[in-house]
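Below you'll find the structure, written out as structure tokens, and then a few comments.
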Amino acid sequence: ASGSCVVSAYAWGGAVCCWNGDMSITSATFSLNSAGVMAPQGGISLAWAYGGAICAQSSIVNLTDTKFIENSAFVNATSCATARGGAVYQYDAEASISRAVFERNCVGAFATRYSAYAEGGAVYAQASAVNLTDAVFVGNSAWANVSRDPQGSAMAIGGAIYALFSIVNLTDTKFSGNSAIAQATAYGSATACAMGGAIYLNGGKLNYYVSEGKSFINTGNSAKASTARTSSSAELGGFLYLANNSQATFDISGELTIGDSTGVDSIAGDSDC
């Protein structure tokens, strides 16, 4: 026999998957859940994993007093690996999340060739609205690696939040130690790009509110990229990256600090990667 065979695999919602419905959860902890595709011996050409704990599509989601600890969405494939939303993935959905903790959640995309995309270490939103109040994001990460393709591409985007054509409303929310990390390890013209260590917006809107009497210090968020040739890597927006004419509005009645003397955190936008 001759020709080629494309084998695909996918995973959705490690704990809960809600399609065309309403979901309300109060006083819950989501820990060590995962949506993953593993191909240790190769053979899977297209693979994606969405929502390590929760996947919501065309739904309304209300979460109150919830914790998301060490959840993950990960893909290990021969080629074309995509992982989105280490804790929460939403498409065409509206989520209202109050008094939540997102800690050490991760998306990981690993491919031997072609491309690896890791998007939204804690939360991924597409064509959606995300309303976060009194939330904490700490130590979440997006990891992407292409290991053997000299022309491959690794993209790590949004260490805590990735929003595509979405509106993100943040009220009294803190980000600390989140990261986007991209690696392309084969010699050649392989590229690696990391954008938005904490937040990445593509064609969306961010509204960040800090209430009177509140004070938040967002530090230690970073975007890191590496290749066999340093000239083919890019690190953009340690804290926030705004792509495709995205907008960010900061309404600060209290105090908000982004970054510290180390210079790790930054805000960037609409650069080529």
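Going by the structure tokens order, chains are called A, B, ..., each with residues numbered from 1, while ligands are numbered from 1 in the order shown.
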
Can you list every residue of stretch 117-223 of chain A that has an atom at most 12 Å from stretch 78-87 of chain A, with its nearest atom pair and the distance in Å to one decimal, using only C-alpha atoms, ordered by chain then number, as JSON lines?
```
{"residue": "A:Tyr117", "atom": "CA", "partner": "A:Thr82", "partner_atom": "CA", "distance": 4.7}
{"residue": "A:Ala118", "atom": "CA", "partner": "A:Ala83", "partner_atom": "CA", "distance": 5.0}
{"residue": "A:Glu119", "atom": "CA", "partner": "A:Arg84", "partner_atom": "CA", "distance": 4.8}
{"residue": "A:Gly120", "atom": "CA", "partner": "A:Gly85", "partner_atom": "CA", "distance": 4.9}
{"residue": "A:Gly121", "atom": "CA", "partner": "A:Gly86", "partner_atom": "CA", "distance": 4.9}
{"residue": "A:Ala122", "atom": "CA", "partner": "A:Gly86", "partner_atom": "CA", "distance": 4.7}
{"residue": "A:Val123", "atom": "CA", "partner": "A:Gly85", "partner_atom": "CA", "distance": 4.7}
{"residue": "A:Tyr124", "atom": "CA", "partner": "A:Gly85", "partner_atom": "CA", "distance": 4.5}
{"residue": "A:Ala125", "atom": "CA", "partner": "A:Gly85", "partner_atom": "CA", "distance": 8.0}
{"residue": "A:Gln126", "atom": "CA", "partner": "A:Arg84", "partner_atom": "CA", "distance": 10.4}
{"residue": "A:Phe137", "atom": "CA", "partner": "A:Ala87", "partner_atom": "CA", "distance": 11.3}
{"residue": "A:Gly139", "atom": "CA", "partner": "A:Gly86", "partner_atom": "CA", "distance": 11.9}
{"residue": "A:Asn140", "atom": "CA", "partner": "A:Gly86", "partner_atom": "CA", "distance": 8.4}
{"residue": "A:Ser141", "atom": "CA", "partner": "A:Gly86", "partner_atom": "CA", "distance": 8.4}
{"residue": "A:Ala142", "atom": "CA", "partner": "A:Gly86", "partner_atom": "CA", "distance": 8.2}
{"residue": "A:Trp143", "atom": "CA", "partner": "A:Ala83", "partner_atom": "CA", "distance": 9.2}
{"residue": "A:Ala144", "atom": "CA", "partner": "A:Ala81", "partner_atom": "CA", "distance": 8.9}
{"residue": "A:Asn145", "atom": "CA", "partner": "A:Ala81", "partner_atom": "CA", "distance": 9.4}
{"residue": "A:Val146", "atom": "CA", "partner": "A:Ser79", "partner_atom": "CA", "distance": 8.5}
{"residue": "A:Ser147", "atom": "CA", "partner": "A:Thr78", "partner_atom": "CA", "distance": 9.9}
{"residue": "A:Arg148", "atom": "CA", "partner": "A:Thr78", "partner_atom": "CA", "distance": 9.9}
{"residue": "A:Asp149", "atom": "CA", "partner": "A:Ser79", "partner_atom": "CA", "distance": 9.5}
{"residue": "A:Gly152", "atom": "CA", "partner": "A:Ser79", "partner_atom": "CA", "distance": 9.4}
{"residue": "A:Ser153", "atom": "CA", "partner": "A:Cys80", "partner_atom": "CA", "distance": 9.6}
{"residue": "A:Ala154", "atom": "CA", "partner": "A:Ala81", "partner_atom": "CA", "distance": 9.6}
{"residue": "A:Met155", "atom": "CA", "partner": "A:Thr82", "partner_atom": "CA", "distance": 9.6}
{"residue": "A:Ala156", "atom": "CA", "partner": "A:Ala83", "partner_atom": "CA", "distance": 9.8}
{"residue": "A:Ile157", "atom": "CA", "partner": "A:Arg84", "partner_atom": "CA", "distance": 9.6}
{"residue": "A:Gly158", "atom": "CA", "partner": "A:Gly85", "partner_atom": "CA", "distance": 9.6}
{"residue": "A:Gly159", "atom": "CA", "partner": "A:Gly86", "partner_atom": "CA", "distance": 9.6}
{"residue": "A:Ala160", "atom": "CA", "partner": "A:Gly86", "partner_atom": "CA", "distance": 8.7}
{"residue": "A:Ile161", "atom": "CA", "partner": "A:Gly85", "partner_atom": "CA", "distance": 8.1}
{"residue": "A:Tyr162", "atom": "CA", "partner": "A:Gly85", "partner_atom": "CA", "distance": 8.0}
{"residue": "A:Ala163", "atom": "CA", "partner": "A:Gly85", "partner_atom": "CA", "distance": 10.3}
{"residue": "A:Leu164", "atom": "CA", "partner": "A:Arg84", "partner_atom": "CA", "distance": 11.5}
```

Hey, what's within 7 Å of stretch 45-59 of chain A if we count only C-alpha atoms and toss same-chain stuff fewer than 5 positions away? As a ChimeraX atom specification, please?
-> /A:6-22,30,33-37,71-75,77-94

Mind dumping the selected residues with C-alpha atoms as an mmCIF file, in the first residue's frame?
```
data_model
loop_
_atom_site.group_PDB
_atom_site.id
_atom_site.type_symbol
_atom_site.label_atom_id
_atom_site.label_comp_id
_atom_site.auth_asym_id
_atom_site.auth_seq_id
_atom_site.Cartn_x
_atom_site.Cartn_y
_atom_site.Cartn_z
ATOM 1 C CA VAL A 6 -3.804 10.955 9.131
ATOM 2 C CA VAL A 7 -4.897 9.838 12.582
ATOM 3 C CA SER A 8 -6.581 12.370 14.869
ATOM 4 C CA ALA A 9 -7.520 12.352 18.552
ATOM 5 C CA TYR A 10 -9.142 14.796 20.918
ATOM 6 C CA ALA A 11 -10.182 15.253 24.562
ATOM 7 C CA TRP A 12 -12.742 17.614 26.122
ATOM 8 C CA GLY A 13 -13.465 18.516 29.760
ATOM 9 C CA GLY A 14 -11.479 16.468 32.254
ATOM 10 C CA ALA A 15 -14.209 16.722 34.931
ATOM 11 C CA VAL A 16 -17.287 18.410 33.421
ATOM 12 C CA CYS A 17 -18.488 19.124 29.889
ATOM 13 C CA CYS A 18 -21.537 21.375 29.395
ATOM 14 C CA TRP A 19 -23.059 21.848 25.918
ATOM 15 C CA ASN A 20 -26.064 24.116 25.279
ATOM 16 C CA GLY A 21 -26.964 24.359 28.947
ATOM 17 C CA ASP A 22 -26.773 26.308 32.194
ATOM 18 C CA PHE A 30 -11.336 20.924 40.984
ATOM 19 C CA ASN A 33 -8.242 16.722 36.522
ATOM 20 C CA SER A 34 -6.942 16.438 32.973
ATOM 21 C CA ALA A 35 -8.019 16.309 29.356
ATOM 22 C CA GLY A 36 -5.173 14.731 27.447
ATOM 23 C CA VAL A 37 -4.001 12.940 24.356
ATOM 24 C CA ASN A 71 -5.583 20.763 36.374
ATOM 25 C CA SER A 72 -4.206 20.301 32.864
ATOM 26 C CA ALA A 73 -4.982 20.012 29.181
ATOM 27 C CA PHE A 74 -2.121 18.374 27.309
ATOM 28 C CA VAL A 75 -1.249 16.828 23.973
ATOM 29 C CA ALA A 77 1.523 13.986 19.253
ATOM 30 C CA THR A 78 3.600 13.340 16.175
ATOM 31 C CA SER A 79 2.524 16.661 14.701
ATOM 32 C CA CYS A 80 0.029 19.512 15.026
ATOM 33 C CA ALA A 81 -0.640 19.491 18.778
ATOM 34 C CA THR A 82 -3.072 22.014 20.321
ATOM 35 C CA ALA A 83 -3.999 22.350 24.004
ATOM 36 C CA ARG A 84 -6.419 24.975 25.351
ATOM 37 C CA GLY A 85 -7.652 25.858 28.823
ATOM 38 C CA GLY A 86 -5.756 24.077 31.578
ATOM 39 C CA ALA A 87 -8.717 24.527 33.955
ATOM 40 C CA VAL A 88 -11.599 26.044 31.938
ATOM 41 C CA TYR A 89 -12.365 26.062 28.213
ATOM 42 C CA GLN A 90 -15.324 28.020 26.892
ATOM 43 C CA TYR A 91 -16.652 28.608 23.384
ATOM 44 C CA ASP A 92 -19.672 30.801 22.652
ATOM 45 C CA ALA A 93 -20.353 30.871 26.380
ATOM 46 C CA GLU A 94 -20.724 33.319 29.248
#
```

Contacts of A:Ile97 at 9 Å or less, counting only C-alpha atoms, minus same-chain residues fewer than 5 places along, as a PDB file with N, CA, C and O atoms, in the first residue's frame?
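Saved the output as part29.pdb:
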```
ATOM      1  N   VAL A  61     -22.385  29.757  32.489  1.00  0.00           N
ATOM      2  CA  VAL A  61     -21.697  29.108  33.604  1.00  0.00           C
ATOM      3  C   VAL A  61     -21.540  30.101  34.755  1.00  0.00           C
ATOM      4  O   VAL A  61     -21.079  31.233  34.554  1.00  0.00           O
ATOM      5  N   ASN A  62     -21.925  29.676  35.959  1.00  0.00           N
ATOM      6  CA  ASN A  62     -21.749  30.481  37.167  1.00  0.00           C
ATOM      7  C   ASN A  62     -20.958  29.659  38.190  1.00  0.00           C
ATOM      8  O   ASN A  62     -21.387  28.574  38.596  1.00  0.00           O
ATOM      9  N   LEU A  63     -19.804  30.183  38.571  1.00  0.00           N
ATOM     10  CA  LEU A  63     -18.946  29.507  39.536  1.00  0.00           C
ATOM     11  C   LEU A  63     -18.689  30.439  40.707  1.00  0.00           C
ATOM     12  O   LEU A  63     -18.255  31.586  40.519  1.00  0.00           O
ATOM     13  N   THR A  64     -18.940  29.964  41.921  1.00  0.00           N
ATOM     14  CA  THR A  64     -18.757  30.788  43.123  1.00  0.00           C
ATOM     15  C   THR A  64     -17.970  29.989  44.154  1.00  0.00           C
ATOM     16  O   THR A  64     -18.260  28.808  44.398  1.00  0.00           O
ATOM     17  N   ASP A  65     -16.976  30.637  44.754  1.00  0.00           N
ATOM     18  CA  ASP A  65     -16.151  29.996  45.785  1.00  0.00           C
ATOM     19  C   ASP A  65     -15.573  28.670  45.283  1.00  0.00           C
ATOM     20  O   ASP A  65     -15.750  27.604  45.886  1.00  0.00           O
ATOM     21  N   THR A  66     -14.890  28.748  44.155  1.00  0.00           N
ATOM     22  CA  THR A  66     -14.318  27.553  43.551  1.00  0.00           C
ATOM     23  C   THR A  66     -12.795  27.639  43.512  1.00  0.00           C
ATOM     24  O   THR A  66     -12.219  28.726  43.419  1.00  0.00           O
ATOM     25  N   VAL A 130     -16.143  36.562  29.777  1.00  0.00           N
ATOM     26  CA  VAL A 130     -15.594  36.035  31.026  1.00  0.00           C
ATOM     27  C   VAL A 130     -15.631  37.146  32.071  1.00  0.00           C
ATOM     28  O   VAL A 130     -15.018  38.201  31.884  1.00  0.00           O
ATOM     29  N   ASN A 131     -16.361  36.914  33.157  1.00  0.00           N
ATOM     30  CA  ASN A 131     -16.468  37.888  34.237  1.00  0.00           C
ATOM     31  C   ASN A 131     -15.853  37.286  35.496  1.00  0.00           C
ATOM     32  O   ASN A 131     -16.378  36.322  36.052  1.00  0.00           O
ATOM     33  N   LEU A 132     -14.743  37.867  35.917  1.00  0.00           N
ATOM     34  CA  LEU A 132     -14.010  37.354  37.079  1.00  0.00           C
ATOM     35  C   LEU A 132     -13.991  38.408  38.180  1.00  0.00           C
ATOM     36  O   LEU A 132     -13.581  39.552  37.951  1.00  0.00           O
ATOM     37  N   THR A 133     -14.419  38.011  39.382  1.00  0.00           N
ATOM     38  CA  THR A 133     -14.461  38.923  40.518  1.00  0.00           C
ATOM     39  C   THR A 133     -13.774  38.269  41.711  1.00  0.00           C
ATOM     40  O   THR A 133     -14.064  37.109  42.041  1.00  0.00           O
ATOM     41  N   ASP A 134     -12.867  39.005  42.344  1.00  0.00           N
ATOM     42  CA  ASP A 134     -12.134  38.489  43.514  1.00  0.00           C
ATOM     43  C   ASP A 134     -11.474  37.148  43.203  1.00  0.00           C
ATOM     44  O   ASP A 134     -11.609  36.172  43.953  1.00  0.00           O
ATOM     45  N   ALA A 135     -10.763  37.108  42.094  1.00  0.00           N
ATOM     46  CA  ALA A 135     -10.084  35.879  41.675  1.00  0.00           C
ATOM     47  C   ALA A 135      -8.576  36.029  41.825  1.00  0.00           C
ATOM     48  O   ALA A 135      -8.039  37.141  41.806  1.00  0.00           O
TER      49      ALA A 135
END
```

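The two atoms in question, atom CA of A:Thr26 and atom CA of A:Val101, are spaced 12.9 Å apart.
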
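For the pair atom CA of A:Asn218 and atom CA of A:Ile25, the separation is 27.6 Å.
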